[in-house]
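K.L.:
Here's a structure for you.
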Amino acid sequence: MLFEIDGLPVYFPYDKIYPEQYAYMTSLKQTLDAQGHGVLEMPSGTGKTVSLLSLIISYQQFYPEKRKLIYCSRTVPEIEKALAELKRLVEYRRSCGLQESILGLGLTSRRNLCLHPSVSKEKKGKVVDARCRNLTASWVREAAQSGQDVETCNFYETLENNDVREMVEDAIYTLDDIKDIGKAKNICPYYMARRLLAHSNVIIYSYHYMLDPKIADLISKELSKDAIVVFDEAHNIDNVCIDSLSLDIMRPTLEASSRSIGQLSERIEHMKQQGSEKLKNEYEKLVQGLQDTLQARDEDLIMANPALPDDLLHEAVPGNIRKAEHFVAFLKRFNEYLKTRLRVLNVTAETPQSFLRHLKEITFIEQKPLRFCAERLSILVRTLELNNLDEFAALSKVAALATLVSTYDKGFMLVLEPYENDNATVPNPILRFACLDASIAIRPVFERFSSVIITSGTLSPLDMYPKILDFKATVQESYPMTLTRNCFLPMVITRGSDQVAISSKFEVRNDPAVVRNFGNILIEFGKVVPDGIVAFFPSYLYMESIIAMWHEMGMLTEAWKSKLIFVETPDAAETSIALDNYRRACENGRGAILLAVARGKVSEGIDFDHHYGRAVVMFGIPFQYTESRILKARLEFLRDEHRIRENDFLTFDALRHAAQCLGRVLRGKTDYGIMVFADRRYAQQDKRSKLPRWINQYITETSVNLSTDMGIAIAKKFLRSMAQPLETQAQLGVSLWTLEDVLAKQRVQKERLEKAGVSTVQQHLYQQYGAAEAQRLIQERASGAVYMDVDIK
């Protein structure tokens with residue numbers, strides 16, 4: 001399908017389009033035209049990825065600037081899915097006769113791309129990274145070239161000896177395609193993809209390559225500033241930002257760090273005895289400043305800096321850590337200080353300034369050398385030509401803590417706890433360096449790139465994200481879902497058939513009557529709902545206690561009569577097996593119930609489309625554990641800095657996760673399913689108002705205060721209606737548009753503007769910038785204010 005949005009020809013690879021997709025693309029174009037940032041919430045299963053790619057690729061190829069698209073997603077399956085959509089789109093554009101060269105590719109970790117016969121067998125990513133470096137570091141390759149018997153990587157050597165751009169044609173490459181090229185041409189797929197980033201029109205990779213300073217500095221540093229950055233499935237983006245700048249230090253970390261410091265000392269002594277000039281050369285470079293020292297920051301460097309402001313690059317490293325042996329002694333002192341701090345009996349929390357004051361009093365360590373710690377360590381590791389860097393991970397963590405605690409004075413908190421968690425009985429002290437301000441990690445992205453799009457199916461309330469990420473959104477939009485038949489049924493069950501209110505509230509969560517009513521919901525829905533049911537709990541701990549009580553009450557035995565039961569666990573391998581068996585049970589007609597946890601693996605990125613999920617039950621509201629010291633500190637920060645009330649943020653956070661869980665049930669307009677909110681608090685307007693617009697619009701007044709038996713009666717009626725054949729013809733013009741419908745919609749819009757007396761220039765403003773921004777520009781022009789003329793095509 002080919003149509004225009006405000007003069008931009010958009011190639012869409014399907015012959016029909018959802019109204020939501022058209023509205024989404026219109027808002028997307030407004031954001032790109034204004035060179036601003038956008039927050040866009042689109043209903044689950046309505047083709048967000050293909051809409052986004054269709055509009056941006058059309059925009060990219062139509063305008064001479066050819067702005068690069070950087071598409072960030074969370075998981076490898078989602079990256080693969082986006083690459084498959086992009087491949088289909090580019091093939092469609094070529095079938096329409098467009099002669100254009102588009103290079104698009106995905107990037108993932110070495111572990112997923114490595115071809116080396118022995119390295120690729122390693123299971124842990126850090127081990128793969130370290131072993132890769134052992135084979136590709138510059139000094140290893142120099143030793144091999146000088147005739148020494150050292151192992152190198154043939155795939156990497158072939159890549160180094162050829163121009164990668166000449167070896168790879170312009171096309172769209174999935175992760176499997178990249179590996180296939182590597183095998184065919186005997187080159188390293190990971191470094192091939194890395195080197196093609198600068199030449200690519202479209203890059204699809206993980207959030208961490210853009211948000212984690214340790215990785216972004218290596219991978220995304222060279223990307224052009226006019227690029228369009230998209231964060232898909234971005235409902236959790238604030239947590240990703242916070243995690244990228246947070247650290248946990250425990251006693252085993254410090255013990256391993258001590259061993260690494262000992263190894264560094266031995267290596268320095270060994271180099272001195274050999275009369276090597278390398279340490280002396282390193283010292284002289286450090287006197288000049290960091291700029292010259294940081295040239296080799298690619299293959300030789302895995303221990304990257306967690307946060308290095310640009311102004312530090314032009315400073316000389318402080319004199320007391322320039323010499324290798326002085327720096328190692330400095331690290332040892334800092335490491336020993338951390339060991340003394342872990343001898344705690346009570347929980348203590350302090351700011352970075354307080355930590356630095358105490359550090360200076362005890363050890364006389366100044367703030368400035370601490371800031372250079374991570375960078376100085378990576379330079380030393382390179383100078384000493386150390387291999388097996390995974391053994392230095394603990395020391396790298398300690399150096400990262402030193403750099404972070406001395407770089408940032410606001411938005412961070414240090415918490416020392418004698419026990420690893422609240423249920424532990426054996427002391428195992430832990431130092432948590434917690435980031436409280438999500439905007440710190442993402443601020444460089446907003447400042448550097450002209451257009452950043454944050455999009456997902458669950459972003460409500462939209463105004464929360466610009467506050468907590470500290471940016472101004474040009475376009476904020478949430479789209480309703482147009483349906484010819486109500487293919488999903490949201491209902492709020494507030495009480496059991498015995499009229500006892502149900503809730504996961506702390507005071508009543510283990511009340512036998514509440515637990516029994518939760519069990520009855522599962523049993524009764526198991527009897528009437530065909531195939532698969534997914535039930536979510538607020539936490540693993542609560543799920544375990546409920547399952548134990550259900551077992552004692554005999555409720556699991558009752559549920560087993562209608563369906564098999566599988567349980568998600570914190571172990572990823574066990575959960576994968578449970579998921580596979582759950583799907584098999586749904587396919588062979590036995591039916592199954594999957595018990596899972598909000599914020600767990602199952603709630604994020606795993607689709608339960610069609611018969612895999614005919615109902616999703618959310619037992620309770622998944623609030624965070626509010627006694628957490630770090631959460632309390634973050635809530636205090638949000639209240640002081642952004643004037644967000646504690647209850648507002650906690651409710652927002654809980655309901656975005658609840659919506660994410662319940663959204664798993666619907667993966668398209670031909671799908672159908674039931675969403676069960678099992679907690680009386682969902683009946684309150686302040687809770688429901690924070691759910692996405694597309695869910696809220698189908699919650700009717702008759703379905704917000706139900707007992708279990710009333711819910712079952714409504715569910716039976718809904719399932720009977722869904723069993724009728726779906727008439728595609730009935731959808732046309734309402735929930736599914738042909739090209740004629742799109743053109744008719746544009747004509748109606750134009751006529752409406754003309755009737756309102758809007759001139760051609762003003763119409764163009766409305767189409768280009770949206771109603772609110774267009775009205776502002778029109779008023780400025782009328783008042784004689786300076787404004788930018790609009791180029792009418």
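Starting from 1 in every chain, residues are counted up; chains themselves are A, B, ... following the order of the structure tokens, and ligands are numbered from 1 as listed.
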Tell me which protein, DNA and RNA residues are within 7 Å of region 671-683 of chain A, counting only C-alpha atoms, leaving out same-chain ones fewer than 2 positions away, and put them as a PyMOL selection string.

P.N.:
chain A and resi 487-495+501-504+609-610+613-620+662+665-669+685+687-688+704-705

K.L.:
Name all residues at most 6 Å from region 349-356 of chain A (count only C-alpha atoms; drop same-chain ones fewer than 2 positions away) and give them as a ChimeraX atom specification.

P.N.:
/A:358-359,405,409,413-415

K.L.:
Kindly save the residues from that selection, with N, CA, C and O atoms included, as a compact mmCIF listing (two decimals), in the first residue's frame.

P.N.:
```txt
# COMPACT_ATOMS: atom_id res chain seq x y z
N HIS A 358 34.13 10.63 54.69
CA HIS A 358 34.59 9.58 55.60
C HIS A 358 35.83 8.88 55.03
O HIS A 358 36.79 8.58 55.75
N LEU A 359 35.82 8.64 53.71
CA LEU A 359 36.97 8.00 53.03
C LEU A 359 38.23 8.85 53.21
O LEU A 359 39.31 8.32 53.50
N VAL A 405 31.14 7.22 42.37
CA VAL A 405 30.88 7.90 43.65
C VAL A 405 31.55 9.28 43.69
O VAL A 405 31.08 10.19 44.37
N ASP A 409 27.35 13.82 42.53
CA ASP A 409 27.03 14.12 43.94
C ASP A 409 25.52 14.11 44.19
O ASP A 409 25.08 14.04 45.33
N MET A 413 22.73 7.14 45.98
CA MET A 413 22.70 6.83 47.41
C MET A 413 23.49 5.55 47.66
O MET A 413 23.46 4.62 46.86
N LEU A 414 24.27 5.54 48.78
CA LEU A 414 24.98 4.32 49.18
C LEU A 414 24.24 3.72 50.37
O LEU A 414 23.98 4.41 51.36
N VAL A 415 23.91 2.44 50.27
CA VAL A 415 23.22 1.74 51.35
C VAL A 415 24.06 0.53 51.75
O VAL A 415 24.39 -0.31 50.92
```

K.L.:
As a PDB file with C-alpha atoms, in the first residue's frame, please: the residues near region 458-470 of chain A (cut-off 8 Å, only C-alpha atoms, same-chain neighbours under 6 positions excluded).

P.N.:
```
ATOM      1  CA  VAL A  39       6.089   9.584  23.760  1.00  0.00           C
ATOM      2  CA  LEU A  40       3.668   7.318  21.858  1.00  0.00           C
ATOM      3  CA  GLU A  41       1.501   4.578  23.361  1.00  0.00           C
ATOM      4  CA  MET A  42      -0.018   2.125  20.899  1.00  0.00           C
ATOM      5  CA  PRO A  43      -2.323  -0.840  21.694  1.00  0.00           C
ATOM      6  CA  ALA A 234      10.123   1.350  26.626  1.00  0.00           C
ATOM      7  CA  HIS A 235       7.706   1.096  29.575  1.00  0.00           C
ATOM      8  CA  ASP A 238      13.695   4.268  33.657  1.00  0.00           C
ATOM      9  CA  ASP A 437      17.843   9.528  38.937  1.00  0.00           C
ATOM     10  CA  ALA A 438      16.906   7.740  35.695  1.00  0.00           C
ATOM     11  CA  SER A 439      17.670  10.857  33.640  1.00  0.00           C
ATOM     12  CA  ILE A 442      19.616   8.867  29.161  1.00  0.00           C
ATOM     13  CA  ARG A 443      20.441  12.610  29.253  1.00  0.00           C
ATOM     14  CA  GLN A 476       2.578  12.809  23.512  1.00  0.00           C
ATOM     15  CA  GLU A 477      -0.167  10.523  22.282  1.00  0.00           C
ATOM     16  CA  SER A 478      -2.081   7.446  23.387  1.00  0.00           C
ATOM     17  CA  LEU A 638      11.291  12.045  42.855  1.00  0.00           C
ATOM     18  CA  HIS A 642      10.181  16.325  40.176  1.00  0.00           C
ATOM     19  CA  PHE A 652       2.036   4.218  38.202  1.00  0.00           C
ATOM     20  CA  ARG A 656       2.272  -0.365  34.131  1.00  0.00           C
ATOM     21  CA  ALA A 659      -1.011  -3.718  32.159  1.00  0.00           C
ATOM     22  CA  GLN A 660       2.113  -5.350  30.700  1.00  0.00           C
ATOM     23  CA  LYS A 690      -3.449   4.892  35.183  1.00  0.00           C
ATOM     24  CA  LEU A 691      -4.156   1.965  32.857  1.00  0.00           C
ATOM     25  CA  PRO A 692      -3.522   2.446  29.105  1.00  0.00           C
ATOM     26  CA  ARG A 693      -6.285   4.178  27.176  1.00  0.00           C
TER      27      ARG A 693
END
```

K.L.:
CA of Ile5 (chain A) to CA of Gly45 (chain A): how many Å, to one decimal?

P.N.:
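Result for CA of Ile5 (chain A) versus CA of Gly45 (chain A): 22.9 Å, one decimal.
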
K.L.:
Can you tell me, as a ChimeraX atom specification, what residues are no more than 12 Å from region 338-346 of chain A when counting only C-alpha atoms, ignoring any on the same chain fewer than 2 positions away?

P.N.:
/A:248-258,331-336,348-349,355-356,358-359,362-363,398-399,401-402,414-420,426-432

K.L.:
Which one is closest to Pro77 (chain A): A:Val150, A:Met555, A:Ile606, A:Leu743? Count only C-alpha atoms.

P.N.:
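Of all the options, A:Ile606 lies closest to Pro77 (chain A).
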
K.L.:
Excluding same-chain residues fewer than 3 positions from region 723-729 of chain A, what lies within 10 Å of it counting only C-alpha atoms, as a list in words?

P.N.:
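The residues satisfying every condition are Thr484, Arg485, Thr670, Tyr672, Phe718, Leu719, Arg720, Leu732, Gly733, Val734, Ser735 and Leu736 of chain A.
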
K.L.:
Could you check which of A:Thr158, A:Leu739, A:Ala548, A:His199 is closest to Pro512 (chain A), using only C-alpha atoms?

P.N.:
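Between A:Thr158, A:Leu739, A:Ala548, A:His199, the residue approaching Pro512 (chain A) most closely is A:Ala548.
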
K.L.:
Write out as a count of residues only all residues of region 528-710 of chain A that DSSP puts in alpha helix (DSSP H) for this structure's backbone.

P.N.:
79

K.L.:
Have a look at CA of Phe327 (chain A) and CA of Asn388 (chain A) and let me know their distance in Å, one decimal.

P.N.:
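Those two atoms sit 20.8 Å apart.
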
K.L.:
Which residues are close to region 538-541 of chain A, i.e. within 7 Å by only C-alpha atoms, leaving aside same-chain residues fewer than 3 positions away? Reply as number ranges by chain.

P.N.:
A: 544-545, 597-598, 620-623

K.L.:
Write out as a PyMOL selection string each polymer residue whose atoms come within 9 Å of region 200-203 of chain A, counting only C-alpha atoms; drop sequence neighbours fewer than 5 positions from it.

P.N.:
chain A and resi 57+60+66-72+102-107+170+172

K.L.:
Record the distance separating CA of Glu266 (chain A) and CA of Leu395 (chain A), expressed in Å with one decimal.

P.N.:
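Computed distance, CA of Glu266 (chain A) to CA of Leu395 (chain A), equals 15.5 Å.
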
K.L.:
Counting only C-alpha atoms, which of A:Arg94, A:Lys285, A:His116, A:Arg74 gets nearest to Ser206 (chain A)?

P.N.:
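Of the candidates, the smallest distance to Ser206 (chain A) is held by A:Arg74.
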
K.L.:
Smallest atom-to-atom distance to Val514 (chain A): which of A:Leu264, A:Met549, A:Ile321, A:Ala535, using only C-alpha atoms?

P.N.:
A:Met549

K.L.:
Rank nothing, just name the residue among A:Lys214, A:Val76, A:Pro19, A:Asp571 nearest to Thr174 (chain A), using only C-alpha atoms.

P.N.:
A:Val76

K.L.:
Closest to Lys561 (chain A) among A:Ile546, A:Thr75, A:Met192, A:Gly526, using only C-alpha atoms?

P.N.:
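Closest candidate: A:Gly526.
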
K.L.:
From region 260-501 of chain A, collect each residue whose DSSP state is strand (DSSP E) and return the set as JSON, numbers by chain.

P.N.:
{"A": [348, 349, 350, 412, 413, 414, 415, 416, 417, 430, 431, 432, 433, 434, 435, 451, 452, 453, 454, 455, 456, 473, 474, 475, 476, 477, 478, 488, 489, 490, 491, 492, 493, 494, 495]}
